[in-house]
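**Student:** Provided herewith: entry_6.txt, compact mmCIF, C-alpha atoms.
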```
# COMPACT_ATOMS: atom_id res chain seq x y z
CA MET U 1 111.79 124.74 98.84
CA GLU U 2 113.44 122.01 96.79
CA ARG U 3 117.03 122.03 95.56
CA ILE U 4 116.97 119.88 92.43
CA LEU U 5 120.03 118.22 90.93
CA ALA U 6 119.79 116.81 87.40
CA LEU U 7 122.59 114.24 87.30
CA ALA U 8 123.96 112.63 84.12
CA PHE U 9 126.91 110.56 82.99
CA VAL U 10 128.89 111.84 80.01
CA GLU U 11 130.05 109.02 77.75
CA ASP U 12 131.69 109.37 74.36
CA GLY U 13 129.77 111.85 72.22
CA PRO U 14 126.73 113.98 73.10
CA LEU U 15 124.43 113.32 76.03
CA PRO U 16 121.95 110.48 75.32
CA ARG U 17 118.24 111.05 74.85
CA GLY U 18 117.48 109.77 78.36
CA ALA U 19 119.64 112.48 79.93
CA MET U 20 117.87 115.18 77.92
CA GLU U 21 114.48 113.80 78.97
CA ALA U 22 115.47 113.76 82.65
CA LEU U 23 116.74 117.34 82.34
CA GLN U 24 113.39 118.44 80.91
CA GLY U 25 111.66 116.79 83.86
CA ALA U 26 113.95 118.63 86.27
CA VAL U 27 113.32 121.94 84.48
CA ASP U 28 109.54 121.42 84.62
CA LEU U 29 109.68 120.48 88.28
CA SER U 30 111.78 123.50 89.24
CA ARG U 31 109.30 125.78 87.50
CA SER U 32 106.35 124.17 89.26
CA ILE U 33 107.71 124.43 92.82
CA GLU U 34 107.96 127.96 94.12
CA GLY U 35 111.39 128.92 95.38
CA SER U 36 113.13 125.82 94.05
CA THR U 37 116.58 125.88 92.44
CA LEU U 38 118.03 123.73 89.66
CA SER U 39 121.60 122.51 89.34
CA VAL U 40 123.13 120.24 86.70
CA GLY U 41 125.74 117.67 87.69
CA LEU U 42 127.87 115.93 85.07
CA ILE U 43 130.26 113.00 85.47
CA GLY U 44 132.72 111.90 82.80
CA GLN U 45 136.16 112.13 81.24
CA ARG U 46 135.42 115.67 80.01
CA VAL U 47 132.17 117.44 80.83
CA GLU U 48 132.50 120.99 79.49
CA PRO U 49 131.13 120.25 75.97
CA ALA U 50 128.09 118.53 77.48
CA ALA U 51 127.56 121.43 79.88
CA GLY U 52 127.73 123.87 76.98
CA SER U 53 124.98 121.99 75.17
CA LEU U 54 122.74 122.56 78.24
CA ALA U 55 123.67 126.19 78.80
CA GLY U 56 120.17 127.46 78.04
CA CYS U 57 118.29 125.19 80.45
CA GLY U 58 118.15 127.81 83.19
CA ALA U 59 120.23 125.95 85.78
CA ALA U 60 121.69 128.13 88.52
CA ARG U 61 124.85 126.00 88.75
CA PHE U 62 126.77 123.54 86.61
CA LEU U 63 128.84 121.10 88.63
CA GLY U 64 131.24 118.58 87.20
CA VAL U 65 133.45 115.66 88.16
CA GLU U 66 135.80 114.75 85.36
CA GLY U 67 138.92 112.73 84.79
CA PRO U 68 140.09 109.20 83.98
CA GLU U 69 138.56 107.85 87.21
CA VAL U 70 135.05 108.30 85.80
CA ALA U 71 135.75 107.82 82.10
CA ARG U 72 134.19 104.34 82.24
CA PRO U 73 131.50 102.77 84.44
CA ARG U 74 132.67 101.55 87.82
CA TYR U 75 130.61 101.49 90.99
CA ALA U 76 133.23 102.84 93.41
CA SER U 77 134.15 105.89 91.36
CA ASP U 78 130.65 106.60 90.03
CA VAL U 79 128.96 106.58 93.43
CA ALA U 80 131.75 108.68 94.98
CA ALA U 81 131.40 111.27 92.20
CA ALA U 82 127.61 111.35 92.46
CA GLU U 83 127.80 111.76 96.23
CA ALA U 84 130.24 114.66 95.90
CA LEU U 85 127.94 116.44 93.41
CA ALA U 86 124.85 115.90 95.56
CA ARG U 87 126.57 117.25 98.66
CA ARG U 88 128.04 120.28 96.87
CA SER U 89 124.64 121.20 95.42
CA GLU U 90 122.90 120.46 98.76
CA ALA U 91 120.29 118.65 96.67
CA THR U 92 117.01 117.53 98.17
CA LEU U 93 115.96 115.86 94.90
CA VAL U 94 118.45 114.01 92.71
CA MET U 95 117.04 113.13 89.28
CA ILE U 96 118.96 110.60 87.18
CA PRO U 97 118.01 109.01 83.83
CA ASN U 98 117.70 105.25 84.19
CA SER U 99 120.57 103.28 82.68
CA SER U 100 122.62 100.29 83.77
CA ARG U 101 125.31 102.69 85.03
CA ALA U 102 122.86 104.83 87.00
CA ALA U 103 120.83 101.90 88.36
CA ARG U 104 124.00 100.36 89.75
CA ILE U 105 124.69 103.33 92.03
CA ALA U 106 121.23 104.72 92.86
CA GLY U 107 120.70 102.68 96.03
CA GLY U 108 124.24 103.25 97.29
CA LEU U 109 123.98 106.98 96.62
CA ALA U 110 120.77 107.29 98.65
CA GLN U 111 122.31 105.30 101.48
CA ARG U 112 125.42 107.51 101.58
CA LEU U 113 123.31 110.65 101.59
CA GLY U 114 120.99 109.30 104.29
CA GLY U 115 118.01 109.60 101.96
CA ARG U 116 115.65 107.40 99.98
CA VAL U 117 115.53 106.13 96.42
CA ASP U 118 112.73 105.25 94.00
CA THR U 119 113.48 103.55 90.70
CA HIS U 120 111.47 103.07 87.49
CA VAL U 121 109.71 106.43 87.85
CA VAL U 122 107.22 106.85 84.98
CA GLY U 123 105.50 110.07 86.03
CA LEU U 124 106.34 113.23 87.90
CA ARG U 125 104.05 116.04 89.01
CA VAL U 126 103.52 118.63 91.75
CA ARG U 127 100.49 118.55 94.04
CA ASP U 128 99.99 120.93 96.95
CA GLY U 129 103.49 122.21 96.42
CA GLU U 130 105.05 118.74 96.85
CA PRO U 131 106.61 116.51 94.16
CA ARG U 132 104.87 113.21 93.52
CA ILE U 133 105.94 110.33 91.32
CA ASP U 134 104.18 107.53 89.46
CA ARG U 135 105.49 103.99 89.55
CA TRP U 136 104.15 100.65 88.29
CA TYR U 137 103.73 97.62 90.55
CA TYR U 138 102.56 94.03 90.16
CA ARG U 139 103.97 93.51 86.68
CA GLN U 140 102.73 96.90 85.54
CA ARG U 141 99.10 96.29 86.43
CA MET U 142 98.92 98.77 89.31
CA LEU U 143 100.04 102.38 88.97
CA ALA U 144 100.89 104.03 92.30
CA THR U 145 101.43 107.70 93.06
CA LEU U 146 104.02 108.25 95.79
CA SER U 147 105.41 111.12 97.81
CA ARG U 148 108.14 111.19 100.47
CA THR U 149 109.10 113.56 103.26
CA THR U 150 112.61 112.12 103.61
CA ARG U 151 115.32 114.09 101.84
CA PRO U 152 117.48 113.70 99.83
CA TRP U 153 115.21 111.78 97.48
CA VAL U 154 116.94 110.00 94.58
CA LEU U 155 114.73 109.40 91.52
CA LEU U 156 115.65 107.10 88.65
CA LEU U 157 113.55 108.22 85.67
CA GLU U 158 112.46 105.85 82.92
CA GLY U 159 112.86 106.88 79.31
CA GLY U 160 109.87 108.32 77.47
CA VAL U 161 108.38 110.09 80.49
CA PHE U 162 109.32 113.55 79.21
CA GLU U 163 110.09 115.05 75.84
CA PRO U 164 113.84 115.64 75.43
CA TRP U 165 115.03 119.10 76.42
CA ARG U 166 115.70 121.28 73.40
CA GLY U 167 117.24 124.65 73.99
CA GLU U 168 120.06 126.95 73.15
CA SER U 169 123.63 125.81 73.64
CA GLY U 170 126.40 128.14 74.67
CA THR U 171 129.11 128.42 77.27
CA ALA U 172 128.52 127.12 80.78
CA ASP U 173 130.72 127.93 83.75
CA VAL U 174 131.36 124.46 85.18
CA GLU U 175 132.36 124.32 88.83
CA ALA U 176 134.83 121.46 89.32
CA VAL U 177 134.02 119.31 92.34
CA ALA U 178 136.87 117.47 94.06
CA VAL U 179 136.32 113.85 95.06
CA ALA U 180 138.18 111.83 97.68
CA TRP U 181 138.66 108.75 95.56
CA PRO U 182 138.64 105.39 97.33
CA SER U 183 141.27 102.75 96.80
CA PHE U 184 140.08 101.09 93.61
CA VAL U 185 140.04 97.31 93.34
CA THR U 186 138.22 97.11 89.99
CA ARG U 187 139.96 98.61 86.97
CA ASN U 188 138.74 98.94 83.40
CA LEU U 189 141.18 97.22 81.04
CA GLY U 190 139.19 97.70 77.83
CA GLU U 191 136.05 96.73 76.02
CA GLU U 192 135.18 93.68 73.94
CA ALA U 193 132.05 93.40 71.83
CA ALA U 194 129.62 90.62 72.65
CA GLY U 195 129.88 87.55 70.48
CA THR U 196 126.67 88.10 68.56
CA LYS U 197 126.01 88.50 64.87
CA ALA U 198 124.58 91.99 65.27
CA GLN U 199 123.63 94.60 67.77
CA THR U 200 119.95 93.96 68.41
CA ILE U 201 118.97 96.19 71.35
CA ARG U 202 118.77 99.86 70.42
CA PRO U 203 116.83 101.88 73.04
CA ASP U 204 116.83 105.05 70.91
CA ALA U 205 115.57 103.39 67.71
CA ASP U 206 112.35 104.72 66.16
CA LEU U 207 111.01 101.19 65.59
CA LEU U 208 110.74 98.11 67.79
CA PHE U 209 110.58 94.85 65.81
CA VAL U 210 109.18 91.99 67.89
CA ALA U 211 109.66 88.37 66.80
CA GLY U 212 107.42 85.66 68.15
CA ALA U 213 107.78 81.88 68.37
CA GLY U 214 106.12 81.47 64.97
CA TRP U 215 109.46 82.19 63.30
CA THR U 216 110.75 78.81 64.53
CA LYS U 217 107.63 76.74 63.83
CA LYS U 218 106.98 74.54 60.82
CA GLN U 219 106.01 76.51 57.75
CA ALA U 220 103.71 75.69 54.84
CA ASP U 221 106.10 73.03 53.53
CA GLY U 222 106.06 71.21 56.86
CA GLN U 223 109.62 72.22 57.74
CA SER U 224 111.10 74.86 60.02
CA HIS U 225 113.48 77.41 58.48
CA ILE U 226 115.60 78.80 61.32
CA ALA U 227 118.50 79.95 59.13
CA GLU U 228 116.13 81.77 56.78
CA ALA U 229 114.36 83.40 59.71
CA GLU U 230 117.66 84.64 61.14
CA GLU U 231 118.71 86.04 57.76
CA ARG U 232 115.47 87.97 57.27
CA ILE U 233 115.29 89.34 60.80
CA LEU U 234 118.93 90.43 60.92
CA GLY U 235 118.65 91.86 57.41
CA PHE U 236 115.71 93.98 58.46
CA LEU U 237 117.43 95.16 61.65
CA GLU U 238 120.53 96.19 59.73
CA ALA U 239 118.63 97.99 56.98
CA SER U 240 116.11 99.75 59.23
CA GLY U 241 118.13 100.39 62.40
CA ALA U 242 115.27 98.91 64.44
CA SER U 243 115.58 97.42 67.90
CA LEU U 244 114.72 93.75 68.42
CA GLY U 245 112.21 92.46 70.94
CA SER U 246 110.92 88.96 71.57
CA SER U 247 108.01 87.16 73.15
CA LYS U 248 108.64 84.98 76.21
CA SER U 249 107.62 81.87 74.30
CA LEU U 250 110.45 82.39 71.81
CA VAL U 251 113.28 83.03 74.27
CA ASP U 252 112.12 80.09 76.41
CA LEU U 253 112.51 77.62 73.56
CA SER U 254 116.20 77.15 74.36
CA SER U 255 115.30 75.53 77.70
CA GLU U 256 112.94 73.15 75.90
CA GLY U 257 115.65 71.78 73.59
CA GLN U 258 114.16 73.32 70.45
CA ASP U 259 115.95 75.20 67.70
CA ILE U 260 116.18 78.90 68.43
CA LEU U 261 117.36 82.11 66.81
CA ALA U 262 121.05 82.29 67.73
CA PHE U 263 121.03 86.02 68.47
CA MET U 264 117.92 86.00 70.69
CA THR U 265 118.32 86.22 74.48
CA HIS U 266 116.16 87.07 77.48
CA LEU U 267 117.48 90.63 77.22
CA ASN U 268 115.28 91.00 74.14
CA GLN U 269 112.14 89.87 75.97
CA VAL U 270 109.27 92.35 76.12
CA GLY U 271 105.87 91.88 77.68
CA GLN U 272 104.37 91.02 81.04
CA THR U 273 107.56 89.32 82.28
CA GLY U 274 109.99 91.37 80.19
CA SER U 275 110.67 95.02 79.50
CA SER U 276 108.24 97.73 78.45
CA PRO U 277 109.99 99.70 75.69
CA ARG U 278 108.95 103.17 74.60
CA HIS U 279 109.76 103.32 70.91
CA PRO U 280 107.52 105.54 68.76
CA LYS U 281 106.52 102.61 66.52
CA GLY U 282 106.29 98.85 66.89
CA LEU U 283 105.91 95.92 64.50
CA ALA U 284 105.05 92.47 65.90
CA THR U 285 105.54 89.35 63.79
CA CYS U 286 104.56 85.73 64.50
CA CYS U 287 103.20 86.37 67.99
CA HIS U 288 99.53 86.08 68.90
CA GLY U 289 98.94 89.45 70.59
CA GLU U 290 97.34 88.24 73.80
CA GLU U 291 97.64 89.99 77.17
CA PRO U 292 101.26 88.98 78.00
CA HIS U 293 102.40 90.60 74.75
CA VAL U 294 100.21 93.68 74.95
CA VAL U 295 101.39 94.63 78.46
CA GLY U 296 104.86 95.26 77.09
CA TRP U 297 103.49 97.39 74.27
CA ARG U 298 101.45 99.85 76.26
CA PHE U 299 103.90 102.71 75.71
CA ILE U 300 104.39 102.13 71.97
CA LYS U 301 102.56 104.96 70.20
CA GLU U 302 101.84 103.18 66.89
CA ARG U 303 101.40 99.40 66.87
CA ARG U 304 101.26 97.12 63.85
CA ALA U 305 101.36 93.35 63.60
CA VAL U 306 101.77 90.56 61.04
CA ASN U 307 99.91 87.31 61.72
CA LEU U 308 98.29 84.57 59.65
CA ASP U 309 95.32 84.35 62.04
CA PRO U 310 92.71 87.09 61.33
CA ASN U 311 91.17 86.41 64.77
CA CYS U 312 94.38 86.73 66.81
CA GLY U 313 94.71 89.05 69.80
CA TRP U 314 96.08 91.86 67.65
CA ALA U 315 92.89 91.88 65.59
CA ARG U 316 90.76 92.54 68.66
CA GLY U 317 91.68 96.18 69.01
CA LYS U 318 95.20 95.66 70.33
CA ALA U 319 97.01 96.83 67.21
CA ASP U 320 96.42 99.91 65.06
CA VAL U 321 96.95 97.83 61.92
CA LEU U 322 97.00 94.04 61.44
CA TYR U 323 98.44 92.53 58.28
CA VAL U 324 97.00 89.05 57.73
CA ALA U 325 99.95 87.52 55.90
CA ASP U 326 102.97 85.23 56.14
CA ALA U 327 105.71 87.06 58.03
CA PHE U 328 108.42 85.24 56.05
CA GLU U 329 107.02 86.61 52.77
CA VAL U 330 106.29 90.06 54.19
CA MET U 331 109.78 90.56 55.62
CA ALA U 332 111.43 89.25 52.44
CA LYS U 333 109.54 91.89 50.45
CA VAL U 334 110.31 94.60 53.01
CA ASN U 335 114.02 93.76 52.93
CA ASP U 336 114.01 93.94 49.15
CA LEU U 337 112.42 97.39 49.29
CA LEU U 338 114.89 98.61 51.92
CA SER U 339 117.86 97.39 49.92
```
Translate the structure of the given file into structure tokens.
**Tutor:**
Amino acid sequence: MERILALAFVEDGPLPRGAMEALQGAVDLSRSIEGSTLSVGLIGQRVEPAAGSLAGCGAARFLGVEGPEVARPRYASDVAAAEALARRSEATLVMIPNSSRAARIAGGLAQRLGGRVDTHVVGLRVRDGEPRIDRWYYRQRMLATLSRTTRPWVLLLEGGVFEPWRGESGTADVEAVAVAWPSFVTRNLGEEAAGTKAQTIRPDADLLFVAGAGWTKKQADGQSHIAEAEERILGFLEASGASLGSSKSLVDLSSEGQDILAFMTHLNQVGQTGSSPRHPKGLATCCHGEEPHVVGWRFIKERRAVNLDPNCGWARGKADVLYVADAFEVMAKVNDLLS
């Protein structure tokens, strides 16, 4: 019998998509394992509204740690709160949606509970009455299926593994869990936006726009047009709400002393050595579509590309649609239509 705890952090506003996906995974798992129980644990400044939105999920218990100590991310308070919830629920499986806040505490939580942790979980199933997970290795070229006998087992679930939970909201009876807070050394004094021209990474966006190194190369007139490229890319991101990705060749240009897009960093990198986003749609521009690019696109459901080369990697079955055209002209027209 498994005692499953779906754990989530409550920030400002409703629970994020990742938390709803992890909850659906926990619900499916509890239904697949005979005799298992499901609890929901919430951590944040105020958790009752979030608990109410999950009232119809079928959880036997709703547990909460709330207050100013956990209003903002901090390792000491977050891991102490998560430990208290796991112990109160007597969880054997702790399922957490992957985020920077959750990833920071997952290892410490497992160590405090005397259990084990697995991160970047991309699949979850039950075989012979035991939960098993899928996880990529070797730069996402080998998919392994794992099981563990050690409990508690902390699982950090990637986004896009499950459909978000959708059910009836209502009133949930949240059981407050007391925490013996440690003596805090780190304190949150406020937030300051990054010094960039625009927010470019949007995990919940419907579209991923990937820019390749071609944006910085010489164009038909023999000159590069960095300022124009920045204007068209940022204009499209603002008008469409898309998230920005990049090829490795583009983000590496800064180390080679070449002109770069000022807002592009390694955090935007997707592909074999970058991230593997899970947006419903993707549009690649000015990148060649060879294996390093395609690896990062394997979870994109609809893939389109813009490239001047009709024989590029995208044309060889790696994109659903290839537009053989100048990306500068295409994006200028698209921005005009969006405006």
**Student:** With distances taken over only C-alpha atoms, which of U:Leu267, U:Leu234, U:Val174, U:Leu63 is nearest to U:Asp252?
**Tutor:**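 Checking each of U:Leu267, U:Leu234, U:Val174, U:Leu63 against U:Asp252, counting only C-alpha atoms, the winner is U:Leu267.
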**Student:** Work out how far apart atom CA of U:Gln140 and atom CA of U:Tyr75 are and give it in Å to one decimal.
**Tutor:**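 Between atom CA of U:Gln140 and atom CA of U:Tyr75 the gap works out to 28.8 Å.
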**Student:** Neighbours of U:Gly67 within 9 Å (only C-alpha atoms; same-chain residues fewer than 6 positions away dropped), as a PyMOL selection string?
**Tutor:** chain U and resi 43-46
**Student:** So, with only C-alpha atoms as the atoms that count, which of U:Val121, U:Leu207, U:Val185, U:Met142 lies closest to U:Ala242?
**Tutor:**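 Selected residue with least distance to U:Ala242: U:Leu207.
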**Student:** Please tabulate, as a tab-separated table, the residues of stretch 157-259 of chain U that come within 8 Å of stretch 9-32 of chain U, each with its closest pair of atoms and the distance in Å to one decimal, counting only C-alpha atoms and ordering rows by chain, then residue number upward.
**Tutor:**
```
residue	atom	partner	partner_atom	distance
U:Leu157	CA	U:Ala22	CA	6.6
U:Glu158	CA	U:Gly18	CA	7.8
U:Gly159	CA	U:Gly18	CA	5.5
U:Gly160	CA	U:Glu21	CA	7.3
U:Val161	CA	U:Glu21	CA	7.3
U:Phe162	CA	U:Glu21	CA	5.2
U:Glu163	CA	U:Glu21	CA	5.5
U:Pro164	CA	U:Glu21	CA	4.0
U:Trp165	CA	U:Gln24	CA	4.8
U:Arg166	CA	U:Met20	CA	7.9
U:Asp204	CA	U:Arg17	CA	7.3
```
**Student:** Would you list the residues near (116.7, 92.3, 55.5) (no more than 8 Å away, in the coordinates of the file, using only C-alpha atoms) as an mmCIF file with C-alpha atoms, keeping the file's coordinate frame?
**Tutor:**
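Okay, this is what ended up in point_20.cif:
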```cif
data_model
loop_
_atom_site.group_PDB
_atom_site.id
_atom_site.type_symbol
_atom_site.label_atom_id
_atom_site.label_comp_id
_atom_site.auth_asym_id
_atom_site.auth_seq_id
_atom_site.Cartn_x
_atom_site.Cartn_y
_atom_site.Cartn_z
ATOM 1 C CA GLU U 231 118.710 86.040 57.760
ATOM 2 C CA ARG U 232 115.470 87.970 57.270
ATOM 3 C CA ILE U 233 115.290 89.340 60.800
ATOM 4 C CA LEU U 234 118.930 90.430 60.920
ATOM 5 C CA GLY U 235 118.650 91.860 57.410
ATOM 6 C CA PHE U 236 115.710 93.980 58.460
ATOM 7 C CA LEU U 237 117.430 95.160 61.650
ATOM 8 C CA GLU U 238 120.530 96.190 59.730
ATOM 9 C CA ALA U 239 118.630 97.990 56.980
ATOM 10 C CA MET U 331 109.780 90.560 55.620
ATOM 11 C CA ALA U 332 111.430 89.250 52.440
ATOM 12 C CA VAL U 334 110.310 94.600 53.010
ATOM 13 C CA ASN U 335 114.020 93.760 52.930
ATOM 14 C CA ASP U 336 114.010 93.940 49.150
ATOM 15 C CA LEU U 338 114.890 98.610 51.920
ATOM 16 C CA SER U 339 117.860 97.390 49.920
#
```
**Student:** So, counting only C-alpha atoms, which residue among U:Gly317, U:Arg74, U:Val79, U:Arg3 is closest to U:Ala180?
**Tutor:** U:Val79
**Student:** For a quick check of understanding, using only C-alpha atoms, which of U:Arg72, U:Leu250, U:Leu337, U:His288 has the smallest distance to U:Glu191?
**Tutor:**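 Nearest to U:Glu191: U:Arg72.
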**Student:** Scan for residues within 8 Å of the point (94.8, 88.2, 64.7) in the coordinates of the file, using all atoms listed in the file, and reply as an MDAnalysis selection string.
**Tutor:** chainID U and resid 288:289 307:316 322 324
**Student:** Would you mind reading off the distance between atom CA of U:Arg125 and atom CA of U:Ser89, one decimal, in Å?
**Tutor:**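 About the pair atom CA of U:Arg125 and atom CA of U:Ser89: they are 22.2 Å apart.
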**Student:** Counting all atoms listed in the file, which residues in stretch 3-103 of chain U sit no more than 7 Å from stretch 168-172 of chain U? For each one, give the nearest pair of atoms and the distance in Å, sorted by chain then residue number, as a Markdown table.
**Tutor:**
```
| residue | atom | partner | partner_atom | distance |
| --- | --- | --- | --- | --- |
| U:Ala51 | CA | U:Ala172 | CA | 5.8 |
| U:Gly52 | CA | U:Thr171 | CA | 4.8 |
| U:Ser53 | CA | U:Ser169 | CA | 4.3 |
| U:Leu54 | CA | U:Ser169 | CA | 5.7 |
| U:Ala55 | CA | U:Ser169 | CA | 5.2 |
| U:Gly56 | CA | U:Glu168 | CA | 4.9 |
```
**Student:** Between U:Val251, U:His120, U:Ser39, U:Ala319, single out the one closest to U:Ser99, counting all atoms listed in the file.
**Tutor:**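 For U:Ser99, the nearest of the given residues is U:His120.
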**Student:** Edge lengths and centre in Å to one decimal, as lines of an AutoDock Vina configuration file, is what I'm after for the box along x, y and z that holds all listed atoms of stretch 12-21 of chain U once 3 Å is added on each side.
**Tutor:**
```
center_x = 123.1
center_y = 112.3
center_z = 76.1
size_x = 23.2
size_y = 11.8
size_z = 13.7
```
**Student:** Just checking: using all atoms listed in the file, which residue out of U:Arg298, U:Arg303, U:Arg151, U:Arg187 ends up closest to U:Glu69?
**Tutor:**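 Smallest separation from U:Glu69 among the options: U:Arg187.
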**Student:** Have a look at atom CA of U:Glu302 and atom CA of U:Lys318 and let me know their distance in Å, one decimal.
**Tutor:**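 Computing it gives 10.6 Å between the two atoms.
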**Student:** Show me, as a ChimeraX atom specification, the residues that have an atom within 10 Å of U:Val94 when counting all atoms listed in the file, minus same-chain residues fewer than 4 positions from it.
**Tutor:** /U:3-7,26,39-41,82,85-86,89-90,106,109-110,117,151-156
